[in-house]
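Q: Provided below: coords.cif, containing mmCIF, C-alpha atoms.
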data_data
loop_
_atom_site.group_PDB
_atom_site.id
_atom_site.type_symbol
_atom_site.label_atom_id
_atom_site.label_comp_id
_atom_site.auth_asym_id
_atom_site.auth_seq_id
_atom_site.Cartn_x
_atom_site.Cartn_y
_atom_site.Cartn_z
ATOM 1 C CA MET A 1 58.213 16.495 233.681
ATOM 2 C CA ARG A 2 61.598 16.085 235.395
ATOM 3 C CA SER A 3 61.808 13.796 238.371
ATOM 4 C CA LYS A 4 62.966 15.185 241.693
ATOM 5 C CA PRO A 5 66.434 14.231 242.892
ATOM 6 C CA ALA A 6 66.529 11.512 245.513
ATOM 7 C CA LEU A 7 68.652 11.552 248.627
ATOM 8 C CA ASP A 8 71.183 8.763 248.868
ATOM 9 C CA THR A 9 70.880 8.043 252.581
ATOM 10 C CA ALA A 10 74.218 6.242 252.758
ATOM 11 C CA SER A 11 76.248 9.243 251.624
ATOM 12 C CA GLY A 12 73.807 12.125 252.000
ATOM 13 C CA ALA A 13 74.365 12.916 248.316
ATOM 14 C CA CYS A 14 71.618 14.055 246.037
ATOM 15 C CA LEU A 15 71.129 11.757 243.047
ATOM 16 C CA SER A 16 69.236 12.655 239.905
ATOM 17 C CA ALA A 17 67.064 10.058 238.186
ATOM 18 C CA SER A 18 69.732 9.557 235.520
ATOM 19 C CA SER A 19 72.502 8.934 238.063
ATOM 20 C CA ARG A 20 70.203 6.560 239.974
ATOM 21 C CA SER A 21 69.592 4.560 236.818
ATOM 22 C CA LEU A 22 73.340 4.425 236.165
ATOM 23 C CA SER A 23 74.029 3.141 239.660
ATOM 24 C CA GLU A 24 71.230 0.591 239.279
ATOM 25 C CA GLY A 25 72.762 -0.734 236.064
ATOM 26 C CA THR A 26 70.184 0.539 233.549
ATOM 27 C CA ASN A 27 70.958 2.995 230.751
ATOM 28 C CA SER A 28 74.658 2.520 231.462
ATOM 29 C CA LEU A 29 76.972 4.549 229.300
ATOM 30 C CA PRO A 30 79.526 2.736 227.142
ATOM 31 C CA PHE A 31 83.117 2.556 228.296
ATOM 32 C CA GLN A 32 85.196 5.400 226.900
ATOM 33 C CA LYS A 33 88.930 4.762 226.568
ATOM 34 C CA PRO A 34 90.903 7.411 228.504
ATOM 35 C CA ASP A 35 92.381 10.079 226.238
ATOM 36 C CA ALA A 36 95.349 12.428 226.767
ATOM 37 C CA ILE A 37 93.329 14.792 229.007
ATOM 38 C CA ASP A 38 92.160 11.861 231.151
ATOM 39 C CA GLN A 39 95.752 10.615 231.416
ATOM 40 C CA HIS A 40 96.926 14.063 232.515
ATOM 41 C CA ILE A 41 94.177 14.233 235.169
ATOM 42 C CA ILE A 42 95.097 10.748 236.387
ATOM 43 C CA SER A 43 98.807 11.609 236.632
ATOM 44 C CA ILE A 44 98.028 14.683 238.737
ATOM 45 C CA LEU A 45 95.787 12.664 241.066
ATOM 46 C CA GLU A 46 98.431 9.933 241.365
ATOM 47 C CA ASP A 47 100.822 12.567 242.714
ATOM 48 C CA ASN A 48 98.203 14.308 244.865
ATOM 49 C CA GLY A 49 94.868 12.582 245.379
ATOM 50 C CA ARG A 50 93.676 15.588 247.388
ATOM 51 C CA ALA A 51 94.110 18.082 244.539
ATOM 52 C CA THR A 52 90.933 20.075 243.993
ATOM 53 C CA ASN A 53 89.104 20.045 240.680
ATOM 54 C CA ARG A 54 90.125 23.674 240.265
ATOM 55 C CA GLU A 55 93.824 22.872 240.773
ATOM 56 C CA VAL A 56 93.615 19.981 238.322
ATOM 57 C CA ALA A 57 91.725 22.132 235.782
ATOM 58 C CA GLU A 58 94.380 24.858 235.940
ATOM 59 C CA ALA A 59 97.194 22.330 235.474
ATOM 60 C CA VAL A 60 95.480 20.574 232.562
ATOM 61 C CA GLY A 61 94.124 23.725 230.912
ATOM 62 C CA VAL A 62 90.436 22.787 230.913
ATOM 63 C CA SER A 63 87.392 23.926 232.878
ATOM 64 C CA GLU A 64 86.641 22.732 236.396
ATOM 65 C CA GLY A 65 83.394 21.164 235.118
ATOM 66 C CA THR A 66 85.339 19.166 232.533
ATOM 67 C CA VAL A 67 87.619 17.828 235.262
ATOM 68 C CA ARG A 68 84.660 16.969 237.514
ATOM 69 C CA ASN A 69 82.830 15.141 234.693
ATOM 70 C CA ARG A 70 85.930 13.261 233.601
ATOM 71 C CA ILE A 71 86.804 12.165 237.150
ATOM 72 C CA GLU A 72 83.217 10.950 237.656
ATOM 73 C CA ARG A 73 83.415 8.986 234.372
ATOM 74 C CA LEU A 74 86.829 7.520 235.203
ATOM 75 C CA ILE A 75 85.536 6.383 238.602
ATOM 76 C CA ARG A 76 82.301 5.020 237.096
ATOM 77 C CA ASP A 77 84.278 3.116 234.423
ATOM 78 C CA ASP A 78 86.561 1.643 237.120
ATOM 79 C CA VAL A 79 89.617 3.317 235.593
ATOM 80 C CA LEU A 80 90.303 5.429 238.678
ATOM 81 C CA ARG A 81 89.903 5.031 242.418
ATOM 82 C CA ILE A 82 90.957 7.779 244.760
ATOM 83 C CA VAL A 83 92.324 6.175 247.910
ATOM 84 C CA GLY A 84 94.699 6.877 250.747
ATOM 85 C CA VAL A 85 97.987 5.030 250.315
ATOM 86 C CA THR A 86 99.646 3.950 253.520
ATOM 87 C CA ASN A 87 103.201 3.179 254.545
ATOM 88 C CA PRO A 88 102.963 -0.365 255.988
ATOM 89 C CA ALA A 89 106.141 -0.080 258.089
ATOM 90 C CA LYS A 90 104.839 3.070 259.792
ATOM 91 C CA LEU A 91 101.695 1.088 260.703
ATOM 92 C CA GLY A 92 103.720 -1.664 262.370
ATOM 93 C CA LEU A 93 103.548 -4.062 259.410
ATOM 94 C CA ASN A 94 107.289 -4.596 259.121
ATOM 95 C CA THR A 95 107.286 -7.833 257.134
ATOM 96 C CA ALA A 96 106.141 -7.491 253.532
ATOM 97 C CA VAL A 97 106.172 -10.701 251.535
ATOM 98 C CA VAL A 98 105.423 -11.924 248.042
ATOM 99 C CA ILE A 99 104.207 -15.517 248.142
ATOM 100 C CA SER A 100 104.423 -17.690 245.027
ATOM 101 C CA LEU A 101 102.185 -20.741 245.101
ATOM 102 C CA SER A 102 102.029 -23.849 242.969
ATOM 103 C CA ALA A 103 98.636 -25.486 243.141
ATOM 104 C CA GLN A 104 96.622 -28.421 241.917
ATOM 105 C CA LEU A 105 94.859 -26.786 238.990
ATOM 106 C CA ALA A 106 91.485 -28.353 239.783
ATOM 107 C CA GLN A 107 91.519 -26.431 243.088
ATOM 108 C CA ILE A 108 93.128 -23.156 242.004
ATOM 109 C CA THR A 109 89.975 -21.034 242.387
ATOM 110 C CA GLU A 110 89.228 -22.327 245.882
ATOM 111 C CA ILE A 111 92.857 -21.829 246.912
ATOM 112 C CA ALA A 112 92.974 -18.242 245.611
ATOM 113 C CA GLU A 113 89.671 -17.390 247.314
ATOM 114 C CA ALA A 114 90.824 -18.891 250.623
ATOM 115 C CA ILE A 115 94.060 -16.881 250.526
ATOM 116 C CA ALA A 116 92.225 -13.683 249.515
ATOM 117 C CA ALA A 117 89.996 -14.039 252.590
ATOM 118 C CA VAL A 118 92.980 -13.783 254.965
ATOM 119 C CA GLU A 119 93.169 -10.296 256.502
ATOM 120 C CA SER A 120 96.944 -9.907 256.080
ATOM 121 C CA VAL A 121 96.748 -10.544 252.335
ATOM 122 C CA VAL A 122 96.244 -7.422 250.195
ATOM 123 C CA TYR A 123 96.644 -8.900 246.700
ATOM 124 C CA VAL A 124 96.027 -12.281 245.069
ATOM 125 C CA GLY A 125 96.330 -13.053 241.362
ATOM 126 C CA TYR A 126 96.655 -15.966 238.957
ATOM 127 C CA THR A 127 99.976 -16.017 237.116
ATOM 128 C CA THR A 128 101.863 -17.750 234.363
ATOM 129 C CA GLY A 129 105.360 -19.097 234.816
ATOM 130 C CA ASN A 130 106.710 -21.026 237.778
ATOM 131 C CA ALA A 131 103.840 -20.094 240.105
ATOM 132 C CA ASP A 132 100.094 -20.489 239.653
ATOM 133 C CA ILE A 133 99.127 -17.855 242.236
ATOM 134 C CA ILE A 134 100.949 -14.817 243.609
ATOM 135 C CA ALA A 135 99.950 -13.129 246.860
ATOM 136 C CA LEU A 136 101.213 -9.988 248.575
ATOM 137 C CA ALA A 137 100.828 -9.817 252.342
ATOM 138 C CA PHE A 138 101.944 -7.680 255.277
ATOM 139 C CA PHE A 139 102.668 -8.927 258.789
ATOM 140 C CA PRO A 140 103.884 -7.262 261.994
ATOM 141 C CA SER A 141 106.859 -9.645 262.161
ATOM 142 C CA ASN A 142 108.408 -12.816 260.796
ATOM 143 C CA ASP A 143 106.647 -14.745 263.588
ATOM 144 C CA GLU A 144 103.220 -13.879 262.153
ATOM 145 C CA LEU A 145 104.462 -14.757 258.658
ATOM 146 C CA THR A 146 105.649 -18.127 259.983
ATOM 147 C CA ASP A 147 102.238 -18.744 261.582
ATOM 148 C CA PHE A 148 100.556 -17.832 258.289
ATOM 149 C CA MET A 149 102.736 -20.260 256.333
ATOM 150 C CA THR A 150 102.618 -23.166 258.792
ATOM 151 C CA LYS A 151 99.016 -22.869 259.947
ATOM 152 C CA THR A 152 96.884 -20.932 257.472
ATOM 153 C CA LEU A 153 98.465 -21.956 254.164
ATOM 154 C CA ALA A 154 99.222 -25.483 255.351
ATOM 155 C CA ALA A 155 95.508 -25.983 256.061
ATOM 156 C CA ILE A 156 94.395 -25.094 252.511
ATOM 157 C CA PRO A 157 93.986 -28.241 250.393
ATOM 158 C CA GLY A 158 95.609 -28.314 246.966
ATOM 159 C CA ILE A 159 98.684 -26.164 247.597
ATOM 160 C CA VAL A 160 101.652 -28.088 246.223
ATOM 161 C CA LYS A 161 104.422 -25.582 246.979
ATOM 162 C CA ALA A 162 104.722 -22.144 248.598
ATOM 163 C CA GLU A 163 107.740 -19.919 248.181
ATOM 164 C CA THR A 164 108.145 -16.667 250.094
ATOM 165 C CA ASN A 165 110.147 -13.636 249.091
ATOM 166 C CA ILE A 166 110.441 -11.084 251.880
ATOM 167 C CA ILE A 167 110.692 -7.538 250.598
ATOM 168 C CA LEU A 168 113.757 -6.099 252.309
ATOM 169 C CA LYS A 169 113.329 -2.506 251.190
ATOM 170 C CA PRO A 170 110.793 -1.125 248.728
ATOM 171 C CA VAL A 171 112.309 1.134 246.079
ATOM 172 C CA ARG A 172 109.064 2.255 244.474
ATOM 173 C CA SER A 173 105.516 1.437 245.466
ATOM 174 C CA LEU A 174 102.359 2.420 243.613
ATOM 175 C CA PHE A 175 100.290 -0.295 245.239
ATOM 176 C CA PRO A 176 97.110 1.184 246.754
ATOM 177 C CA GLY A 177 97.403 0.706 250.484
ATOM 178 C CA ALA A 178 94.874 -1.648 251.950
ATOM 179 C CA THR A 179 97.236 -2.021 254.893
ATOM 180 C CA VAL A 180 95.517 0.565 257.064
ATOM 181 C CA ASN A 181 92.531 -1.784 257.156
ATOM 182 C CA LEU A 182 94.800 -4.548 258.447
ATOM 183 C CA VAL A 183 95.915 -2.365 261.330
ATOM 184 C CA ALA A 184 92.343 -1.288 262.080
ATOM 185 C CA ARG A 185 91.185 -4.922 262.220
ATOM 186 C CA ARG A 186 94.071 -5.872 264.515
ATOM 187 C CA ASN A 187 93.654 -2.780 266.732
ATOM 188 C CA PRO A 188 90.012 -1.635 266.636
ATOM 189 C CA PRO A 189 89.328 1.901 267.881
ATOM 190 C CA VAL A 190 88.643 2.069 271.623
ATOM 191 C CA ALA A 191 84.924 2.812 271.152
ATOM 192 C CA LEU A 192 84.500 -0.201 268.862
ATOM 193 C CA ALA A 193 86.616 -2.493 270.999
ATOM 194 C CA SER A 194 84.596 -1.754 274.133
ATOM 195 C CA SER A 195 81.259 -2.329 272.373
ATOM 196 C CA GLN A 196 82.197 -5.783 271.053
#
Show me, as structure tokens, the structure contained in the file I just sent.

A:
Amino acid sequence: MRSKPALDTASGACLSASSRSLSEGTNSLPFQKPDAIDQHIISILEDNGRATNREVAEAVGVSEGTVRNRIERLIRDDVLRIVGVTNPAKLGLNTAVVISLSAQLAQITEIAEAIAAVESVVYVGYTTGNADIIALAFFPSNDELTDFMTKTLAAIPGIVKAETNIILKPVRSLFPGATVNLVARRNPPVALASSQ
């Protein structure tokens, strides 16, 4: 006997028993390396994340169901995320900066986690070379960047050296835009602001 689909109250979506077990971590399917069709689908969605499954299917030369199943698998396998990419300057975040940090290695994890928790920071990663940690951050102006460097970073134990590189003009950007969240946190919608 087949089980009845359950309603996912968070999204209103109907989930079958098999998709529920996948989301709960049981009976997970093995990772499947993306093939040429997957790569073609991904390239189309990189250019237009709002393309319909039908449009993608026509461009790739496969059925709409194939596209739907492959997109679901790519999302499930954490190969693909479909997001809105913002233009930071148009959102008032005029200072983009790459920050290279040298750290005491015994504290590198705590330092990276502390920096990642700062709302203006959209990327943090461990690196090889001259820096131990690289961060990418967006600020409304150089004044906010200065405050970040002299107050926030200066208060984190274990940072030996911080070097900033302000991005004067981006030539190409494929970085998924988390910057809209920065603007929303700085300027909450009127309804939210009045209720807080």

Q: Given the file shown, enumerate the residues that the PyMOL selection byres ((chain A and resi 88-103) around 7) captures and present them as a list in words.

A: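 So the PyMOL selection byres ((chain A and resi 88-103) around 7) ends up selecting Thr86, Asn87, Gln104, Leu105, Ile108, Ala131, Asp132, Ile133, Ile134, Ala135, Leu136, Ala137, Phe138, Phe139, Pro140, Ser141, Asn142, Gly158, Ile159, Val160, Lys161, Ala162, Glu163, Thr164, Asn165, Ile166, Ile167, Thr179 and Val183 of chain A.
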
Q: Could you write out that same residue set with C-alpha atoms as a PDB file, keeping the file's coordinate frame?

A:
ATOM      1  CA  THR A  86      99.646   3.950 253.520  1.00  0.00           C
ATOM      2  CA  ASN A  87     103.201   3.179 254.545  1.00  0.00           C
ATOM      3  CA  GLN A 104      96.622 -28.421 241.917  1.00  0.00           C
ATOM      4  CA  LEU A 105      94.859 -26.786 238.990  1.00  0.00           C
ATOM      5  CA  ILE A 108      93.128 -23.156 242.004  1.00  0.00           C
ATOM      6  CA  ALA A 131     103.840 -20.094 240.105  1.00  0.00           C
ATOM      7  CA  ASP A 132     100.094 -20.489 239.653  1.00  0.00           C
ATOM      8  CA  ILE A 133      99.127 -17.855 242.236  1.00  0.00           C
ATOM      9  CA  ILE A 134     100.949 -14.817 243.609  1.00  0.00           C
ATOM     10  CA  ALA A 135      99.950 -13.129 246.860  1.00  0.00           C
ATOM     11  CA  LEU A 136     101.213  -9.988 248.575  1.00  0.00           C
ATOM     12  CA  ALA A 137     100.828  -9.817 252.342  1.00  0.00           C
ATOM     13  CA  PHE A 138     101.944  -7.680 255.277  1.00  0.00           C
ATOM     14  CA  PHE A 139     102.668  -8.927 258.789  1.00  0.00           C
ATOM     15  CA  PRO A 140     103.884  -7.262 261.994  1.00  0.00           C
ATOM     16  CA  SER A 141     106.859  -9.645 262.161  1.00  0.00           C
ATOM     17  CA  ASN A 142     108.408 -12.816 260.796  1.00  0.00           C
ATOM     18  CA  GLY A 158      95.609 -28.314 246.966  1.00  0.00           C
ATOM     19  CA  ILE A 159      98.684 -26.164 247.597  1.00  0.00           C
ATOM     20  CA  VAL A 160     101.652 -28.088 246.223  1.00  0.00           C
ATOM     21  CA  LYS A 161     104.422 -25.582 246.979  1.00  0.00           C
ATOM     22  CA  ALA A 162     104.722 -22.144 248.598  1.00  0.00           C
ATOM     23  CA  GLU A 163     107.740 -19.919 248.181  1.00  0.00           C
ATOM     24  CA  THR A 164     108.145 -16.667 250.094  1.00  0.00           C
ATOM     25  CA  ASN A 165     110.147 -13.636 249.091  1.00  0.00           C
ATOM     26  CA  ILE A 166     110.441 -11.084 251.880  1.00  0.00           C
ATOM     27  CA  ILE A 167     110.692  -7.538 250.598  1.00  0.00           C
ATOM     28  CA  THR A 179      97.236  -2.021 254.893  1.00  0.00           C
ATOM     29  CA  VAL A 183      95.915  -2.365 261.330  1.00  0.00           C
TER      30      VAL A 183
END

Q: Which distance in Å separates atom CA of A:Asp38 and atom CA of A:Ile71, to one decimal?

A: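 About the pair atom CA of A:Asp38 and atom CA of A:Ile71: they are 8.0 Å apart.
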
Q: Which value, in Å to one decimal, gives the distance between atom CA of A:Asp147 and atom CA of A:Val118?

A: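 Between atom CA of A:Asp147 and atom CA of A:Val118 the gap works out to 12.4 Å.
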
Q: When the PyMOL selection byres ((chain A and resi 81) around 10) is applied to the structure above, which residues does it catch, written out as an NGL selection string?

A: :A and (42 or 45-46 or 49 or 71 or 74-80 or 82-84 or 176)

Q: Emit as JSON the padded axis-aligned box for all listed atoms of stretch 157-162 of chain A, 6 Å per side, with centre and edge lengths in Å to one decimal.

A:
{"center_x": 99.4, "center_y": -25.2, "center_z": 248.3, "size_x": 22.7, "size_y": 18.2, "size_z": 16.2}

Q: Evaluate the PyMOL selection byres ((chain A and resi 57) around 12) on the structure here and hand back the selected residues as a tab-separated table (two decimals) with C-alpha atoms, keeping the file's coordinate frame.

A:
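Output saved as selection_5.tsv:
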chain	number	residue	atom	x	y	z
A	37	ILE	CA	93.33	14.79	229.01
A	38	ASP	CA	92.16	11.86	231.15
A	40	HIS	CA	96.93	14.06	232.52
A	41	ILE	CA	94.18	14.23	235.17
A	42	ILE	CA	95.10	10.75	236.39
A	44	ILE	CA	98.03	14.68	238.74
A	45	LEU	CA	95.79	12.66	241.07
A	51	ALA	CA	94.11	18.08	244.54
A	52	THR	CA	90.93	20.08	243.99
A	53	ASN	CA	89.10	20.05	240.68
A	54	ARG	CA	90.12	23.67	240.26
A	55	GLU	CA	93.82	22.87	240.77
A	56	VAL	CA	93.62	19.98	238.32
A	58	GLU	CA	94.38	24.86	235.94
A	59	ALA	CA	97.19	22.33	235.47
A	60	VAL	CA	95.48	20.57	232.56
A	61	GLY	CA	94.12	23.72	230.91
A	62	VAL	CA	90.44	22.79	230.91
A	63	SER	CA	87.39	23.93	232.88
A	64	GLU	CA	86.64	22.73	236.40
A	65	GLY	CA	83.39	21.16	235.12
A	66	THR	CA	85.34	19.17	232.53
A	67	VAL	CA	87.62	17.83	235.26
A	68	ARG	CA	84.66	16.97	237.51
A	69	ASN	CA	82.83	15.14	234.69
A	70	ARG	CA	85.93	13.26	233.60
A	71	ILE	CA	86.80	12.16	237.15
